[in-house]
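input09.cif, holding mmCIF, C-alpha atoms:
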```cif
data_coords
loop_
_atom_site.label_atom_id
_atom_site.label_comp_id
_atom_site.auth_asym_id
_atom_site.auth_seq_id
_atom_site.Cartn_x
_atom_site.Cartn_y
_atom_site.Cartn_z
CA MET L 1266 160.56 82.02 135.44
CA THR L 1267 161.47 81.96 139.10
CA LYS L 1268 162.70 85.18 140.58
CA PRO L 1269 166.45 84.93 140.91
CA HIS L 1270 166.73 87.81 143.35
CA ASN L 1271 165.44 89.07 146.65
CA SER L 1272 162.14 90.63 145.69
CA HIS L 1273 162.99 94.12 146.95
CA THR L 1274 166.24 94.82 145.17
CA GLN L 1275 166.96 96.82 142.05
CA GLU L 1276 167.84 93.56 140.29
CA ALA L 1277 164.48 92.05 141.24
CA PHE L 1278 162.55 95.05 139.93
CA MET L 1279 164.44 94.95 136.65
CA ALA L 1280 163.99 91.16 136.46
CA ARG L 1281 160.23 91.71 136.75
CA ALA L 1282 160.26 94.33 133.96
CA ILE L 1283 162.21 91.89 131.77
CA GLU L 1284 159.85 89.03 132.65
CA LEU L 1285 156.91 91.21 131.55
CA SER L 1286 158.65 92.01 128.26
CA LEU L 1287 159.19 88.30 127.57
CA ASP L 1288 155.61 87.40 128.48
CA ASN L 1289 154.35 90.09 126.12
CA VAL L 1290 156.19 88.61 123.15
CA ARG L 1291 155.31 85.01 124.00
CA SER L 1292 151.61 85.83 124.41
CA GLY L 1293 151.57 87.65 121.06
CA ARG L 1294 150.03 90.71 122.68
CA GLY L 1295 152.68 93.22 121.69
CA GLY L 1296 156.25 94.43 121.47
CA PRO L 1297 159.12 93.19 123.66
CA PHE L 1298 158.88 95.85 126.33
CA GLY L 1299 157.98 95.74 130.02
CA CYS L 1300 158.15 98.20 132.86
CA VAL L 1301 157.46 98.53 136.58
CA ILE L 1302 157.10 101.58 138.79
CA VAL L 1303 158.47 101.35 142.31
CA LYS L 1304 157.63 103.45 145.35
CA ASP L 1305 159.00 102.89 148.85
CA GLY L 1306 160.57 99.59 147.81
CA GLU L 1307 157.38 98.10 146.34
CA ILE L 1308 156.08 97.72 142.80
CA VAL L 1309 153.00 99.95 142.55
CA ALA L 1310 152.25 99.49 138.85
CA SER L 1311 153.46 97.72 135.76
CA GLY L 1312 153.02 97.99 132.01
CA VAL L 1313 153.73 96.22 128.76
CA ASN L 1314 153.58 97.45 125.20
CA ARG L 1315 149.96 97.38 124.05
CA VAL L 1316 150.14 99.44 120.84
CA THR L 1317 148.74 96.80 118.53
CA ALA L 1318 146.55 95.05 121.11
CA THR L 1319 144.63 98.24 121.96
CA ASN L 1320 145.11 100.38 118.83
CA ASP L 1321 146.96 103.00 120.84
CA PRO L 1322 150.33 104.16 119.48
CA THR L 1323 151.01 105.84 122.84
CA ALA L 1324 150.63 102.58 124.78
CA HIS L 1325 154.32 101.95 125.33
CA ALA L 1326 155.19 100.03 128.49
CA GLU L 1327 156.32 103.12 130.40
CA VAL L 1328 153.24 105.18 129.48
CA VAL L 1329 150.94 102.28 130.41
CA ALA L 1330 152.72 101.87 133.77
CA ILE L 1331 152.64 105.61 134.52
CA ARG L 1332 148.91 105.74 133.80
CA GLU L 1333 148.28 102.75 136.02
CA ALA L 1334 150.42 104.11 138.87
CA CYS L 1335 148.57 107.43 138.77
CA GLN L 1336 145.18 105.72 138.82
CA LYS L 1337 146.22 103.56 141.79
CA LEU L 1338 147.80 106.41 143.72
CA ARG L 1339 145.08 108.88 142.64
CA CYS L 1340 147.49 111.61 141.64
CA PHE L 1341 149.11 113.03 138.55
CA ASP L 1342 152.55 113.39 140.14
CA LEU L 1343 154.75 110.35 140.81
CA THR L 1344 157.36 112.16 142.89
CA GLY L 1345 159.18 109.54 144.94
CA CYS L 1346 158.71 106.81 142.34
CA ASP L 1347 161.37 105.16 140.18
CA VAL L 1348 160.87 103.40 136.87
CA TYR L 1349 162.47 100.10 135.85
CA THR L 1350 162.07 99.50 132.14
CA SER L 1351 163.38 96.64 130.02
CA CYS L 1352 164.62 99.12 127.40
CA GLU L 1353 165.90 102.69 127.32
CA PRO L 1354 162.83 104.93 126.98
CA CYS L 1355 161.94 106.51 123.64
CA PRO L 1356 161.48 110.30 123.54
CA MET L 1357 157.72 109.98 124.10
CA CYS L 1358 158.23 107.85 127.20
CA LEU L 1359 161.09 110.00 128.44
CA GLY L 1360 158.80 113.02 128.15
CA ALA L 1361 156.06 111.17 130.06
CA ILE L 1362 158.59 110.24 132.77
CA TYR L 1363 159.60 113.89 133.14
CA TRP L 1364 156.01 115.15 133.28
CA ALA L 1365 155.22 112.48 135.91
CA ARG L 1366 158.14 113.73 138.07
CA ILE L 1367 159.68 110.27 138.37
CA GLY L 1368 162.96 110.20 140.28
CA LYS L 1369 165.22 107.67 138.56
CA ILE L 1370 165.21 105.62 135.39
CA TYR L 1371 166.67 102.10 135.43
CA PHE L 1372 166.84 100.49 132.00
CA GLY L 1373 168.02 97.20 130.44
CA ASN L 1374 168.38 97.22 126.67
CA VAL L 1375 169.89 100.35 125.18
CA ALA L 1376 168.37 102.36 122.32
CA ALA L 1377 170.80 100.81 119.84
CA ASP L 1378 169.49 97.34 120.74
CA ALA L 1379 165.93 98.50 119.96
CA ALA L 1380 167.07 99.99 116.66
CA LYS L 1381 168.60 96.65 115.65
CA ILE L 1382 165.22 94.91 115.86
CA GLY L 1383 163.34 97.66 114.03
CA PHE L 1384 162.33 100.14 116.74
CA ASP L 1385 164.22 103.18 115.64
CA ASP L 1386 163.75 105.57 118.53
CA SER L 1387 167.05 107.12 117.52
CA ALA L 1388 165.38 108.60 114.42
CA ILE L 1389 162.91 110.38 116.71
CA TYR L 1390 165.69 111.52 119.03
CA ALA L 1391 167.49 112.96 116.00
CA GLU L 1392 164.35 114.68 114.71
CA ILE L 1393 163.63 116.34 118.05
CA THR L 1394 167.01 118.01 118.10
CA MET L 1395 166.69 119.41 114.57
CA PRO L 1396 165.38 122.86 113.64
CA HIS L 1397 161.74 122.72 112.54
CA ALA L 1398 162.57 123.33 108.89
CA GLN L 1399 164.83 120.26 108.73
CA ARG L 1400 162.45 117.79 110.32
CA GLU L 1401 160.87 114.88 108.50
CA ILE L 1402 157.36 115.86 109.64
CA PRO L 1403 156.64 119.43 108.49
CA MET L 1404 155.87 121.86 111.33
CA ILE L 1405 153.77 124.85 110.32
CA GLN L 1406 153.26 127.73 112.74
CA MET L 1407 150.03 129.75 112.38
CA MET L 1408 147.52 131.98 114.22
CA ARG L 1409 149.75 132.57 117.24
CA GLU L 1410 147.90 135.72 118.32
CA ASP L 1411 144.60 133.82 118.46
CA ALA L 1412 146.21 130.90 120.27
CA LEU L 1413 147.71 133.19 122.92
CA ALA L 1414 144.18 134.05 124.13
CA ALA L 1415 143.93 130.76 126.02
CA PHE L 1416 147.31 131.30 127.65
CA LYS L 1417 146.21 134.76 128.82
CA GLU L 1418 143.01 133.31 130.30
CA TRP L 1419 145.05 130.60 132.03
CA GLU L 1420 147.36 133.17 133.59
CA LYS L 1421 144.53 135.22 135.08
CA ASN L 1422 142.44 132.22 136.21
CA PRO L 1423 142.73 132.06 140.03
CA GLY L 1424 141.19 128.58 140.25
CA LYS L 1425 143.60 126.77 137.97
CA ILE L 1426 145.22 123.54 139.13
CA LEU L 1427 148.93 123.71 138.36
CA TYR L 1428 150.69 120.59 137.15
CA MET P 243 132.48 131.59 119.62
CA THR P 244 131.30 131.52 116.01
CA LYS P 245 133.64 130.00 113.51
CA PRO P 246 135.32 132.80 111.63
CA HIS P 247 136.39 130.63 108.72
CA ASN P 248 135.13 128.20 106.16
CA SER P 249 134.92 124.96 108.10
CA HIS P 250 137.30 123.01 105.88
CA THR P 251 140.34 125.25 105.81
CA GLN P 252 143.57 125.08 107.75
CA GLU P 253 142.49 128.24 109.58
CA ALA P 254 139.20 126.64 110.60
CA PHE P 255 140.92 123.54 111.96
CA MET P 256 143.33 125.67 113.96
CA ALA P 257 140.46 127.90 115.14
CA ARG P 258 138.72 124.78 116.48
CA ALA P 259 141.89 123.65 118.31
CA ILE P 260 142.17 127.12 119.85
CA GLU P 261 138.47 127.16 120.77
CA LEU P 262 138.96 123.84 122.58
CA SER P 263 141.95 125.26 124.47
CA LEU P 264 139.89 128.26 125.61
CA ASP P 265 136.94 126.08 126.64
CA ASN P 266 139.27 123.90 128.70
CA VAL P 267 140.54 126.85 130.73
CA ARG P 268 137.10 128.43 131.16
CA SER P 269 135.55 125.15 132.30
CA GLY P 270 138.34 124.61 134.83
CA ARG P 271 138.99 121.14 133.50
CA GLY P 272 142.64 121.58 132.61
CA GLY P 273 145.50 123.37 130.93
CA PRO P 274 145.14 125.78 127.99
CA PHE P 275 145.70 123.26 125.23
CA GLY P 276 143.47 121.90 122.47
CA CYS P 277 144.04 119.79 119.39
CA VAL P 278 142.22 118.29 116.42
CA ILE P 279 143.22 115.53 114.03
CA VAL P 280 142.18 115.93 110.42
CA LYS P 281 141.86 113.28 107.73
CA ASP P 282 140.62 113.90 104.19
CA GLY P 283 139.56 117.43 105.09
CA GLU P 284 137.46 116.46 108.11
CA ILE P 285 138.11 116.52 111.85
CA VAL P 286 138.18 112.89 112.98
CA ALA P 287 139.13 113.46 116.63
CA SER P 288 139.90 116.15 119.13
CA GLY P 289 141.55 116.45 122.51
CA VAL P 290 142.15 118.81 125.38
CA ASN P 291 144.57 118.66 128.26
CA ARG P 292 143.11 116.33 130.92
CA VAL P 293 146.15 115.80 133.19
CA THR P 294 144.56 117.05 136.39
CA ALA P 295 140.98 116.08 135.51
CA THR P 296 141.86 112.41 134.96
CA ASN P 297 145.06 111.98 137.00
CA ASP P 298 147.03 111.15 133.88
CA PRO P 299 150.25 113.09 133.28
CA THR P 300 150.29 111.73 129.71
CA ALA P 301 146.86 113.21 128.88
CA HIS P 302 148.12 116.15 126.86
CA ALA P 303 145.77 117.38 124.13
CA GLU P 304 147.72 115.72 121.32
CA VAL P 305 147.98 112.36 123.09
CA VAL P 306 144.26 112.44 123.93
CA ALA P 307 143.39 113.27 120.31
CA ILE P 308 145.68 110.57 118.90
CA ARG P 309 144.13 107.94 121.16
CA GLU P 310 140.62 109.03 120.16
CA ALA P 311 141.45 109.06 116.45
CA CYS P 312 142.90 105.54 116.68
CA GLN P 313 139.84 104.25 118.52
CA LYS P 314 137.51 105.79 115.93
CA LEU P 315 139.53 104.62 112.94
CA ARG P 316 140.32 101.26 114.58
CA CYS P 317 144.00 101.38 113.79
CA PHE P 318 147.29 102.25 115.45
CA ASP P 319 148.63 104.14 112.43
CA LEU P 320 147.34 107.60 111.50
CA THR P 321 149.08 107.83 108.14
CA GLY P 322 147.24 110.44 106.07
CA CYS P 323 146.20 112.47 109.13
CA ASP P 324 147.42 115.92 110.13
CA VAL P 325 147.40 117.44 113.61
CA TYR P 326 146.34 120.99 114.46
CA THR P 327 147.38 121.90 117.99
CA SER P 328 147.00 125.18 119.83
CA CYS P 329 150.62 124.98 121.02
CA GLU P 330 153.89 123.54 119.74
CA PRO P 331 154.02 119.93 120.95
CA CYS P 332 156.17 118.95 123.92
CA PRO P 333 158.71 116.12 123.41
CA MET P 334 156.23 113.51 124.69
CA CYS P 335 153.58 114.63 122.22
CA LEU P 336 156.07 115.00 119.40
CA GLY P 337 157.14 111.41 120.05
CA ALA P 338 153.51 110.27 120.03
CA ILE P 339 152.95 112.12 116.74
CA TYR P 340 155.93 110.34 115.18
CA TRP P 341 154.85 106.91 116.42
CA ALA P 342 151.33 107.56 115.08
CA ARG P 343 152.80 108.36 111.63
CA ILE P 344 150.99 111.70 111.41
CA GLY P 345 151.82 113.69 108.28
CA LYS P 346 151.99 117.34 109.26
CA ILE P 347 151.96 119.39 112.45
CA TYR P 348 150.20 122.76 112.49
CA PHE P 349 150.69 124.68 115.73
CA GLY P 350 149.67 128.05 117.22
CA ASN P 351 151.57 129.10 120.33
CA VAL P 352 155.29 128.42 120.28
CA ALA P 353 157.23 126.60 123.01
CA ALA P 354 158.52 129.91 124.39
CA ASP P 355 154.93 131.09 124.94
CA ALA P 356 154.23 127.95 126.98
CA ALA P 357 157.40 128.47 129.01
CA LYS P 358 156.28 132.01 129.89
CA ILE P 359 153.14 130.69 131.62
CA GLY P 360 154.94 127.91 133.47
CA PHE P 361 154.97 124.95 131.06
CA ASP P 362 158.64 124.52 130.51
CA ASP P 363 158.79 122.00 127.71
CA SER P 364 162.13 123.54 126.76
CA ALA P 365 163.71 122.01 129.87
CA ILE P 366 162.62 118.57 128.65
CA TYR P 367 163.87 119.30 125.14
CA ALA P 368 167.23 120.28 126.64
CA GLU P 369 167.37 117.15 128.81
CA ILE P 370 166.68 114.83 125.89
CA THR P 371 169.64 116.13 123.96
CA MET P 372 172.08 115.71 126.86
CA PRO P 373 174.26 112.68 127.53
CA HIS P 374 172.75 110.40 130.17
CA ALA P 375 175.27 111.38 132.82
CA GLN P 376 174.35 115.06 132.58
CA ARG P 377 170.58 114.67 132.82
CA GLU P 378 168.50 115.84 135.73
CA ILE P 379 166.83 112.44 136.11
CA PRO P 380 169.52 109.80 136.68
CA MET P 381 169.56 107.02 134.06
CA ILE P 382 171.05 103.75 135.25
CA GLN P 383 171.74 100.94 132.79
CA MET P 384 171.65 97.37 134.14
CA MET P 385 171.06 93.70 133.19
CA ARG P 386 171.30 94.27 129.45
CA GLU P 387 172.09 90.62 128.68
CA ASP P 388 168.92 89.48 130.45
CA ALA P 389 166.86 92.20 128.76
CA LEU P 390 168.09 91.19 125.32
CA ALA P 391 166.29 87.84 125.68
CA ALA P 392 162.93 89.45 124.85
CA PHE P 393 164.38 91.15 121.79
CA LYS P 394 165.73 87.82 120.56
CA GLU P 395 162.32 86.19 121.02
CA TRP P 396 160.67 89.09 119.18
CA GLU P 397 163.04 88.70 116.25
CA LYS P 398 162.34 85.00 115.80
CA ASN P 399 158.56 85.25 116.39
CA PRO P 400 156.89 84.76 113.00
CA GLY P 401 153.46 85.90 114.25
CA LYS P 402 154.47 89.33 115.51
CA ILE P 403 152.48 92.39 114.46
CA LEU P 404 154.91 95.09 113.41
CA TYR P 405 154.16 98.68 114.35
#
```

So, in terms of structure tokens, how does the structure I just supplied come out?
Amino acid sequence: MTKPHNSHTQEAFMARAIELSLDNVRSGRGGPFGCVIVKDGEIVASGVNRVTATNDPTAHAEVVAIREACQKLRCFDLTGCDVYTSCEPCPMCLGAIYWARIGKIYFGNVAADAAKIGFDDSAIYAEITMPHAQREIPMIQMMREDALAAFKEWEKNPGKILY
Amino acid sequence: MTKPHNSHTQEAFMARAIELSLDNVRSGRGGPFGCVIVKDGEIVASGVNRVTATNDPTAHAEVVAIREACQKLRCFDLTGCDVYTSCEPCPMCLGAIYWARIGKIYFGNVAADAAKIGFDDSAIYAEITMPHAQREIPMIQMMREDALAAFKEWEKNPGKILY
């Protein structure tokens, strides 16, 4: 696939994310998802879905790209970076994008498109908004007083690295 | 810390998750979060927060433990496993737990406890439930027709591994 766009435009970055998603299906390595992370007008990292290839259910394209960008830039904060992903991020990836402090999210396919081919992120979105008691996966709270001990130690630790 | 419980009870699994969270703060390696994954009454994997230690904003305790469990069990599906985590999972981790097909979530600290010491998962929970246009991180949809090409190839690919 030849690049149909100037290589430093939003369209070119998205075209690359889409190209990665197509390559991933054609190679048989994983799901139809690709992603690039852009800083200062350049692609600094990319990712494709590697869930089945690497036995890692967290290896969605966005998570893979965020991990790679952080390794390359040697930081855990991608402030100043944007993400171009071939599909609207699932809740896991959206959470990862927030924690990484990414600036903007450009996406191609919408969540409903993913649902149509069997990736039902919308079920997870629905679950997250429900009260604990109504969720599909039971959530059981226990031993809060014991668990708070670590939070208290964190608060009083002068050497902690905030993130 | 001696284990205060029989080693195969829910309390013992949670005590181990909490012990890991305390160790992580005391060692200076990361945030006050620990997690174990249990299958058939045994701990099969554990994780602590390694965001700053490994420059990986996705390395929350639950994600680390899920990855380890999948590597050990050589699968991308943790059906039959439960998670014991020292704190209520953030949206990223909750998404990872859903994708991993984990059965039950036991948690110690609640999200409000995490917010009090500066980990404001609740802001991410709020963002996820908002319409795109109202979110803090702009979400820009583009090139959907091009992006759909990979989904069409996925659908017609007879050799795909579903996940």

Once you count all atoms listed in the file, which residues end up no further than 12 Å from (165.4, 117.6, 113.7) in the file's frame, shown as number ranges by chain? L: 1387-1404; P: 333, 336, 367, 371

Of L:Ile1370, L:Ile1426, L:Ile1283, L:Ala1414, the one sitting nearest Cys1346 (chain L) when using only C-alpha atoms is L:Ile1370

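Near region 305-322 of chain P, within 7 Å and counting only C-alpha atoms, sit Val1316, Thr1317, Asn1320, Asp1321 and Pro1322 of chain L; Cys277, Val278, Ile279, Lys281, Val286, Ala287, Ser288, Gly289, Val290, Ala301, His302, Ala303, Asp324, Cys335, Ala338, Ala342, Arg343, Ile344 and Gly345 of chain P; same-chain residues fewer than 2 positions away were not included.
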
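For the pair CA of Glu397 (chain P) and CA of Val1290 (chain L), the interatomic distance is 9.7 Å.
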
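The spacing separating CA of Arg1315 (chain L) from CA of Leu1285 (chain L) amounts to 11.9 Å.
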
So what do you get for CA of Asp265 (chain P) versus CA of Ala1412 (chain L), distance-wise? 12.2 Å

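Proximity ranking of P:Ala295, P:Met334, P:Ala353, P:Val325 relative to chain L places P:Met334 first, based on all atoms listed in the file.
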
Residue list as a VMD selection string for point (171.8, 98.3, 130.0), cut-off 10 Å, only C-alpha atoms: (chain L and resid 1351 to 1353 1371 to 1376 1378) or (chain P and resid 381 to 390)

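Residue nearest chain L within the list P:Leu404, P:Lys394, P:Gln252, P:Lys346: P:Lys346 [criterion: smallest interatomic distance, only C-alpha atoms].
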
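Residue nearest chain L, chosen from P:Leu264, P:Arg271, P:Glu284, P:Ile339 and counting only C-alpha atoms: P:Leu264.
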
Across L:Gly1293, L:Pro1354, L:Val1303, L:Ile1308, the smallest distance to chain P, with all atoms listed in the file counted, is shown by L:Gly1293

Specify the axis-aligned box that encloses all atoms of region 1379-1384 of chain L listed in the file after padding of 6 Å on each side, stating its centre and edge lengths in Å to one decimal as AutoDock Vina command-line options.
```
--center_x 165.5 --center_y 97.5 --center_z 117.0 --size_x 18.3 --size_y 17.2 --size_z 17.9
```

Running the PyMOL selection byres ((chain P and resi 274) around 8) on this model by hand, what would come out? Give it as a PyMOL selection string. (chain L and resi 1415-1416+1419) or (chain P and resi 263-264+266-267+272-273+275-276+291)

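For the choices L:Ser1292, L:Glu1418, L:Ala1380, L:Ala1277, the atom-to-atom distance to chain P is smallest for L:Glu1418 when using all atoms listed in the file.
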
For region 309-325 of chain P, write N, CA, C and O atoms out as an mmCIF file, in the first residue's frame.
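Saved the output as result.cif:
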```cif
data_model
loop_
_atom_site.group_PDB
_atom_site.id
_atom_site.type_symbol
_atom_site.label_atom_id
_atom_site.label_comp_id
_atom_site.auth_asym_id
_atom_site.auth_seq_id
_atom_site.Cartn_x
_atom_site.Cartn_y
_atom_site.Cartn_z
ATOM 1 N N ARG P 309 -0.894 -10.527 33.013
ATOM 2 C CA ARG P 309 0.133 -10.920 32.037
ATOM 3 C C ARG P 309 0.931 -12.119 32.525
ATOM 4 O O ARG P 309 1.214 -13.049 31.768
ATOM 5 N N GLU P 310 1.292 -12.085 33.820
ATOM 6 C CA GLU P 310 2.089 -13.188 34.379
ATOM 7 C C GLU P 310 1.281 -14.488 34.380
ATOM 8 O O GLU P 310 1.803 -15.552 34.026
ATOM 9 N N ALA P 311 0.025 -14.401 34.782
ATOM 10 C CA ALA P 311 -0.814 -15.605 34.818
ATOM 11 C C ALA P 311 -0.938 -16.213 33.416
ATOM 12 O O ALA P 311 -0.855 -17.437 33.248
ATOM 13 N N CYS P 312 -1.125 -15.362 32.416
ATOM 14 C CA CYS P 312 -1.265 -15.865 31.042
ATOM 15 C C CYS P 312 0.033 -16.497 30.542
ATOM 16 O O CYS P 312 -0.002 -17.506 29.825
ATOM 17 N N GLN P 313 1.158 -15.916 30.915
ATOM 18 C CA GLN P 313 2.436 -16.519 30.510
ATOM 19 C C GLN P 313 2.603 -17.882 31.162
ATOM 20 O O GLN P 313 3.000 -18.857 30.515
ATOM 21 N N LYS P 314 2.276 -17.962 32.462
ATOM 22 C CA LYS P 314 2.444 -19.232 33.179
ATOM 23 C C LYS P 314 1.488 -20.309 32.672
ATOM 24 O O LYS P 314 1.855 -21.471 32.549
ATOM 25 N N LEU P 315 0.252 -19.903 32.412
ATOM 26 C CA LEU P 315 -0.765 -20.871 31.980
ATOM 27 C C LEU P 315 -0.790 -21.045 30.461
ATOM 28 O O LEU P 315 -1.526 -21.867 29.937
ATOM 29 N N ARG P 316 0.031 -20.273 29.775
ATOM 30 C CA ARG P 316 0.142 -20.329 28.309
ATOM 31 C C ARG P 316 -1.202 -20.214 27.605
ATOM 32 O O ARG P 316 -1.574 -21.063 26.774
ATOM 33 N N CYS P 317 -1.938 -19.181 27.980
ATOM 34 C CA CYS P 317 -3.234 -18.938 27.358
ATOM 35 C C CYS P 317 -3.533 -17.440 27.441
ATOM 36 O O CYS P 317 -2.849 -16.709 28.145
ATOM 37 N N PHE P 318 -4.539 -17.014 26.704
ATOM 38 C CA PHE P 318 -4.925 -15.598 26.783
ATOM 39 C C PHE P 318 -6.293 -15.459 27.430
ATOM 40 O O PHE P 318 -6.912 -14.406 27.358
ATOM 41 N N ASP P 319 -6.744 -16.527 28.081
ATOM 42 C CA ASP P 319 -8.091 -16.564 28.649
ATOM 43 C C ASP P 319 -7.998 -17.156 30.056
ATOM 44 O O ASP P 319 -7.631 -18.319 30.226
ATOM 45 N N LEU P 320 -8.310 -16.351 31.054
ATOM 46 C CA LEU P 320 -8.182 -16.785 32.452
ATOM 47 C C LEU P 320 -9.528 -17.228 33.040
ATOM 48 O O LEU P 320 -9.773 -17.040 34.236
ATOM 49 N N THR P 321 -10.356 -17.818 32.209
ATOM 50 C CA THR P 321 -11.616 -18.384 32.712
ATOM 51 C C THR P 321 -11.298 -19.333 33.868
ATOM 52 O O THR P 321 -10.377 -20.137 33.779
ATOM 53 N N GLY P 322 -12.077 -19.209 34.952
ATOM 54 C CA GLY P 322 -11.839 -20.062 36.120
ATOM 55 C C GLY P 322 -10.918 -19.435 37.150
ATOM 56 O O GLY P 322 -10.708 -20.002 38.221
ATOM 57 N N CYS P 323 -10.355 -18.264 36.823
ATOM 58 C CA CYS P 323 -9.485 -17.557 37.769
ATOM 59 C C CYS P 323 -10.256 -16.415 38.438
ATOM 60 O O CYS P 323 -11.147 -15.819 37.841
ATOM 61 N N ASP P 324 -9.872 -16.126 39.689
ATOM 62 C CA ASP P 324 -10.365 -14.946 40.389
ATOM 63 C C ASP P 324 -9.194 -14.003 40.653
ATOM 64 O O ASP P 324 -8.044 -14.432 40.702
ATOM 65 N N VAL P 325 -9.511 -12.720 40.834
ATOM 66 C CA VAL P 325 -8.471 -11.754 41.163
ATOM 67 C C VAL P 325 -8.718 -11.186 42.555
ATOM 68 O O VAL P 325 -9.863 -10.908 42.934
#
```
